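K.L.:
Quick one: this structure, given as C-alpha cells, is what I'll be asking you about.
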Amino acid sequence: MNYVTLNNGVKMPILGYGVYQVTPEECERCVLDAIEAGYRSIDTAQAYQNEEGVGNAIEKCGIPREELFITTKVWISNAGFEKAKASIEESLRKLKTDYIDLLLIHQPFGDYYGTYRAMEEAYKEGKIKAIGVSNFYPDRLIDICQFTEITPAVNQVETHPFNQQAQAHEIMEKYKVQHESWGPFAEGRKDMFTNPVISEIAAKYNKSVAQVILRYLTQNNVVVIPKSTHKERMIENISVFDFELTEEDKKAIKSLDEAESAFFSHYDPQTVEFLTGLGK
C-alpha cells in the first residue's frame, strides 16, 4: 500500500474502502471482507447510518487498531459546537474506538465553523488524529483555511476522469490540504466503464477500466475510497500498485476532464435547499 503524509505528519493510505450506500445490515460483512482483502483505510459517515457496522468489523477483524485508518464525517444536522461535540462522542461509541483517524465536516452548510471548533477541541484532546472537510469548493476551502487555528488536513470532493478538479487541486496544494476523491468511478455515469480512451489504456496493461482510473488518481496524489459490496471487486480495486501509467496515458485521461459535476453542484440553489433541508 502507498501512503500520503498529511499536513500534521499523520500517514494515510492513498487507497481505502468507502461504505457510502452500503446498508447497515451488510456493512459489517463488507468491511470485514475489505480488511481481509488488504484494505486498512475505511471511510464512513454519520449520514450513512452504518458506523456501527464499521465498529463491529473493527472489533472482530483481528487487526490491531493502530494499523487501521478510520474516517467518519459530521452531518449537517449535527452542525454547531455543542451538537458536533456530542455527535463526535456518539461516533466514537458506534465505531467502538477511542479515537478517529480522520474526521471531516460532511457538507459546507449550517454552522460549520462551530462544528470545526468542536473538531479542533477533540483533536487537541487526542480523540481525533486529523481533521478536515468534504465538499468544500475552492472559495469555501480558502475561507476556512484562513480563519481556523488548525488547517484542514483533507478535502474530500467529487473527483473522477470527467471531473478532475484541476483548479481545486491547485488550491489544496497551495494550502497543504490533501485532495481526496469521492465517486472515483462517477457511479458509472456517462458510460465511464466503457469509455474508449480508458478502455484502450486498460487493455494495454491487462487491467480493468476501474483499475486504470484508480491508478490515474493515485499517481496524481489523490486519495481514493472506492466502494463495492463484492469481495472480488474489492480485491481488483486494491490491486493497482503493480503498474504505472505513462505521461502519454495520463495526458489522454486528462483530456476527458469536462470540469463539471456528474452529480450536482453545491452552487445550485435547489441542491443547497435539498441538502440544508436534510440538516433540519
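Ordering of the C-alpha cells sets the chain letters (A, B, ...), residue numbers begin anew at 1 in every chain, and ligands are numbered from 1 in the order given.
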Out of segment 45-185 of chain A, which residues get alpha helix (DSSP H) from DSSP, as a ChimeraX atom specification?

P.N.:
/A:51-60,81-95,112-124,138-146,166-174

K.L.:
Name all residues at most 12 Å from Asp191 of chain A (count only C-alpha atoms; drop same-chain ones fewer than 6 positions away) and give them as a list in words.

P.N.:
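Surrounding residues, per the criterion: Pro161, Phe162, Phe185, Val197, Ile198, Ser199, Val209 and Ala262 of chain A.
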
K.L.:
Would you return as a PyMOL selection string the members of segment 15-253 of chain A that DSSP assigns to strand (DSSP E) on this structure's backbone?

P.N.:
chain A and resi 17-18+41-43+69-74+102-105+131-134+154-158+178-182+223-224

K.L.:
Residues as selected, C-alpha atoms, written as a PDB file, in the first residue's frame, can you do that?

P.N.:
ATOM      1  CA  TYR A  17     -12.620   1.340   1.215  1.00  0.00           C
ATOM      2  CA  GLY A  18     -15.747   3.523   1.226  1.00  0.00           C
ATOM      3  CA  SER A  41      -8.459   2.616   5.497  1.00  0.00           C
ATOM      4  CA  ILE A  42     -12.254   2.632   5.936  1.00  0.00           C
ATOM      5  CA  ASP A  43     -14.397   5.683   5.135  1.00  0.00           C
ATOM      6  CA  PHE A  69      -7.267   4.271   9.450  1.00  0.00           C
ATOM      7  CA  ILE A  70     -10.895   5.154  10.162  1.00  0.00           C
ATOM      8  CA  THR A  71     -12.640   8.189   8.676  1.00  0.00           C
ATOM      9  CA  THR A  72     -16.095   9.492   9.524  1.00  0.00           C
ATOM     10  CA  LYS A  73     -17.934  12.752   8.906  1.00  0.00           C
ATOM     11  CA  VAL A  74     -20.153  15.149  10.887  1.00  0.00           C
ATOM     12  CA  LEU A 102      -9.790  11.437  10.286  1.00  0.00           C
ATOM     13  CA  LEU A 103     -12.940  13.447  10.955  1.00  0.00           C
ATOM     14  CA  LEU A 104     -14.450  15.606   8.217  1.00  0.00           C
ATOM     15  CA  ILE A 105     -17.229  18.175   8.011  1.00  0.00           C
ATOM     16  CA  ILE A 131      -9.458  16.907  10.898  1.00  0.00           C
ATOM     17  CA  GLY A 132     -10.675  18.141   7.558  1.00  0.00           C
ATOM     18  CA  VAL A 133     -13.611  18.931   5.303  1.00  0.00           C
ATOM     19  CA  SER A 134     -15.657  17.431   2.485  1.00  0.00           C
ATOM     20  CA  VAL A 154      -8.023  16.732   3.879  1.00  0.00           C
ATOM     21  CA  ASN A 155     -10.730  17.930   1.496  1.00  0.00           C
ATOM     22  CA  GLN A 156     -12.874  15.116   0.075  1.00  0.00           C
ATOM     23  CA  VAL A 157     -14.586  16.178  -3.150  1.00  0.00           C
ATOM     24  CA  GLU A 158     -16.144  14.548  -6.216  1.00  0.00           C
ATOM     25  CA  GLN A 178      -4.711  16.582   0.885  1.00  0.00           C
ATOM     26  CA  HIS A 179      -7.047  16.015  -2.068  1.00  0.00           C
ATOM     27  CA  GLU A 180      -9.337  13.009  -1.576  1.00  0.00           C
ATOM     28  CA  SER A 181     -11.823  11.704  -4.147  1.00  0.00           C
ATOM     29  CA  TRP A 182     -15.349  10.551  -3.596  1.00  0.00           C
ATOM     30  CA  VAL A 223      -6.590   9.631  -2.207  1.00  0.00           C
ATOM     31  CA  VAL A 224      -9.355   7.260  -3.383  1.00  0.00           C
TER      32      VAL A 224
END

K.L.:
Excluding segment 252-260 of chain A and any residue of its chain fewer than 5 positions from it, enumerate the residues within 10 Å of it, using only C-alpha atoms, and give them as a list in words.

P.N.:
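The contact residues come out as Glu158, Thr159, His160, Pro161, Phe162, Asn163, Gln164, Gln165, Ala166, Gln167, Asn195, Val197, Ile198, Ile201, Val212, Ile213, Tyr216, Thr246, Glu247 and Ser265 of chain A.
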
K.L.:
Grab the residues selected above and save them as a PDB file, in the first residue's frame with N, CA and C atoms.

P.N.:
ATOM      1  N   GLU A 158     -15.898  15.351  -5.020  1.00  0.00           N
ATOM      2  CA  GLU A 158     -16.144  14.548  -6.216  1.00  0.00           C
ATOM      3  C   GLU A 158     -14.960  14.684  -7.175  1.00  0.00           C
ATOM      4  N   THR A 159     -14.328  13.561  -7.492  1.00  0.00           N
ATOM      5  CA  THR A 159     -13.172  13.589  -8.396  1.00  0.00           C
ATOM      6  C   THR A 159     -13.115  12.286  -9.186  1.00  0.00           C
ATOM      7  N   HIS A 160     -13.131  12.418 -10.502  1.00  0.00           N
ATOM      8  CA  HIS A 160     -13.061  11.274 -11.399  1.00  0.00           C
ATOM      9  C   HIS A 160     -12.612  11.793 -12.762  1.00  0.00           C
ATOM     10  N   PRO A 161     -12.387  10.919 -13.754  1.00  0.00           N
ATOM     11  CA  PRO A 161     -11.863  11.392 -15.043  1.00  0.00           C
ATOM     12  C   PRO A 161     -12.673  12.491 -15.719  1.00  0.00           C
ATOM     13  N   PHE A 162     -13.994  12.546 -15.480  1.00  0.00           N
ATOM     14  CA  PHE A 162     -14.823  13.566 -16.123  1.00  0.00           C
ATOM     15  C   PHE A 162     -14.928  14.847 -15.299  1.00  0.00           C
ATOM     16  N   ASN A 163     -14.451  14.804 -14.065  1.00  0.00           N
ATOM     17  CA  ASN A 163     -14.441  15.997 -13.207  1.00  0.00           C
ATOM     18  C   ASN A 163     -13.203  15.914 -12.314  1.00  0.00           C
ATOM     19  N   GLN A 164     -12.068  16.353 -12.849  1.00  0.00           N
ATOM     20  CA  GLN A 164     -10.780  16.105 -12.209  1.00  0.00           C
ATOM     21  C   GLN A 164     -10.371  17.156 -11.180  1.00  0.00           C
ATOM     22  N   GLN A 165     -11.157  18.225 -11.057  1.00  0.00           N
ATOM     23  CA  GLN A 165     -10.922  19.234 -10.011  1.00  0.00           C
ATOM     24  C   GLN A 165      -9.533  19.858 -10.106  1.00  0.00           C
ATOM     25  N   ALA A 166      -9.139  20.220 -11.306  1.00  0.00           N
ATOM     26  CA  ALA A 166      -7.788  20.760 -11.516  1.00  0.00           C
ATOM     27  C   ALA A 166      -7.538  22.033 -10.705  1.00  0.00           C
ATOM     28  N   GLN A 167      -8.459  22.994 -10.777  1.00  0.00           N
ATOM     29  CA  GLN A 167      -8.275  24.242 -10.023  1.00  0.00           C
ATOM     30  C   GLN A 167      -8.298  23.970  -8.518  1.00  0.00           C
ATOM     31  N   ASN A 195     -15.698   3.763 -21.535  1.00  0.00           N
ATOM     32  CA  ASN A 195     -15.040   4.873 -22.221  1.00  0.00           C
ATOM     33  C   ASN A 195     -13.889   4.354 -23.084  1.00  0.00           C
ATOM     34  N   VAL A 197     -11.202   5.711 -24.442  1.00  0.00           N
ATOM     35  CA  VAL A 197      -9.841   6.150 -24.084  1.00  0.00           C
ATOM     36  C   VAL A 197      -9.300   5.333 -22.922  1.00  0.00           C
ATOM     37  N   ILE A 198     -10.100   5.208 -21.868  1.00  0.00           N
ATOM     38  CA  ILE A 198      -9.645   4.461 -20.690  1.00  0.00           C
ATOM     39  C   ILE A 198      -9.582   2.969 -20.996  1.00  0.00           C
ATOM     40  N   ILE A 201      -6.342   2.076 -22.745  1.00  0.00           N
ATOM     41  CA  ILE A 201      -5.216   2.057 -21.797  1.00  0.00           C
ATOM     42  C   ILE A 201      -5.292   0.808 -20.921  1.00  0.00           C
ATOM     43  N   VAL A 212      -7.466   1.321 -13.901  1.00  0.00           N
ATOM     44  CA  VAL A 212      -6.766   2.435 -14.559  1.00  0.00           C
ATOM     45  C   VAL A 212      -7.193   3.765 -13.945  1.00  0.00           C
ATOM     46  N   ILE A 213      -8.479   3.916 -13.664  1.00  0.00           N
ATOM     47  CA  ILE A 213      -8.968   5.148 -13.046  1.00  0.00           C
ATOM     48  C   ILE A 213      -8.328   5.357 -11.675  1.00  0.00           C
ATOM     49  N   TYR A 216      -4.694   6.245 -12.082  1.00  0.00           N
ATOM     50  CA  TYR A 216      -4.539   7.626 -12.555  1.00  0.00           C
ATOM     51  C   TYR A 216      -4.670   8.612 -11.398  1.00  0.00           C
ATOM     52  N   THR A 246       1.976   5.905 -18.072  1.00  0.00           N
ATOM     53  CA  THR A 246       2.973   6.808 -18.659  1.00  0.00           C
ATOM     54  C   THR A 246       2.408   8.226 -18.731  1.00  0.00           C
ATOM     55  N   GLU A 247       3.270   9.181 -19.028  1.00  0.00           N
ATOM     56  CA  GLU A 247       2.817  10.560 -19.193  1.00  0.00           C
ATOM     57  C   GLU A 247       1.817  10.661 -20.345  1.00  0.00           C
ATOM     58  N   SER A 265     -24.220  20.318  -8.163  1.00  0.00           N
ATOM     59  CA  SER A 265     -23.325  21.412  -7.792  1.00  0.00           C
ATOM     60  C   SER A 265     -23.764  22.022  -6.463  1.00  0.00           C
TER      61      SER A 265
END

K.L.:
Please compute the atom CA of Val22 of chain A-atom CA of Asn50 of chain A distance, one decimal, in Å.

P.N.:
7.5 Å

K.L.:
By how many Å are atom CA of Glu51 of chain A and atom CA of Ala118 of chain A apart?

P.N.:
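The value is 19.6 Å.
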
K.L.:
For Pro138 of chain A, which residue out of A:Tyr267, A:Thr97, A:Glu187, A:Lys204 is the nearest one, using only C-alpha atoms?

P.N.:
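Of A:Tyr267, A:Thr97, A:Glu187, A:Lys204, the one nearest Pro138 of chain A is A:Tyr267, counting only C-alpha atoms.
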
K.L.:
I need the residue nearest Phe136 of chain A from this list: A:Ile238, A:Ala202, A:Ile150, A:Ile171. Use only C-alpha atoms for the distance.

P.N.:
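Closest to Phe136 of chain A of all the choices is A:Ile171.
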
K.L.:
Can you work out which one of A:Lys129, A:His230, A:Arg140, A:Lys124 has the shortest atom-to-atom distance to His266 of chain A, counting only C-alpha atoms?

P.N.:
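Answer, going by the shortest atom-to-atom distance: A:Arg140.
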
K.L.:
Find the residues near Glu26 of chain A: any atom within 9 Å, counting only C-alpha atoms, skip ones fewer than 5 places away on the same chain, and give them as a list in words.

P.N.:
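With the cut-off at 9 Å, the set is Val31, Gly53 and Thr229 of chain A.
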
K.L.:
Find the residue from A:Arg117, A:Lys11, A:Lys94, A:His169 that sits nearest to Glu66 of chain A; use only C-alpha atoms when measuring.

P.N.:
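Ranking A:Arg117, A:Lys11, A:Lys94, A:His169 by distance to Glu66 of chain A, first place goes to A:Lys11.
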
K.L.:
Please list as a PyMOL selection string every residue within 8 Å of Glu28 of chain A, counting only C-alpha atoms and excluding residues in the same chain fewer than 4 positions away.

P.N.:
chain A and resi 24+32+53-57

K.L.:
Can I get the selected residues back with C-alpha atoms, as a compact mmCIF listing (two decimals), in the first residue's frame?

P.N.:
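Wrote it out as out12.txt, contents follow:
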# COMPACT_ATOMS: atom_id res chain seq x y z
CA PRO A 24 -26.32 -1.14 7.84
CA LEU A 32 -14.51 -7.49 7.18
CA GLY A 53 -21.33 -1.91 11.21
CA VAL A 54 -17.85 -0.46 10.76
CA GLY A 55 -17.35 -0.56 14.52
CA ASN A 56 -18.37 -4.21 14.71
CA ALA A 57 -15.90 -5.05 11.96

K.L.:
Could you tell me how far atom CA of Gly114 of chain A lies from atom CA of Pro13 of chain A, in Å and to one decimal?

P.N.:
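Atom-to-atom, atom CA of Gly114 of chain A and atom CA of Pro13 of chain A are spaced 28.7 Å apart.
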
K.L.:
Go through A:Ile144, A:Leu68, A:Met192, A:Ala34 and flag the residue nearest Tyr99 of chain A, using only C-alpha atoms for the distances.

P.N.:
A:Leu68
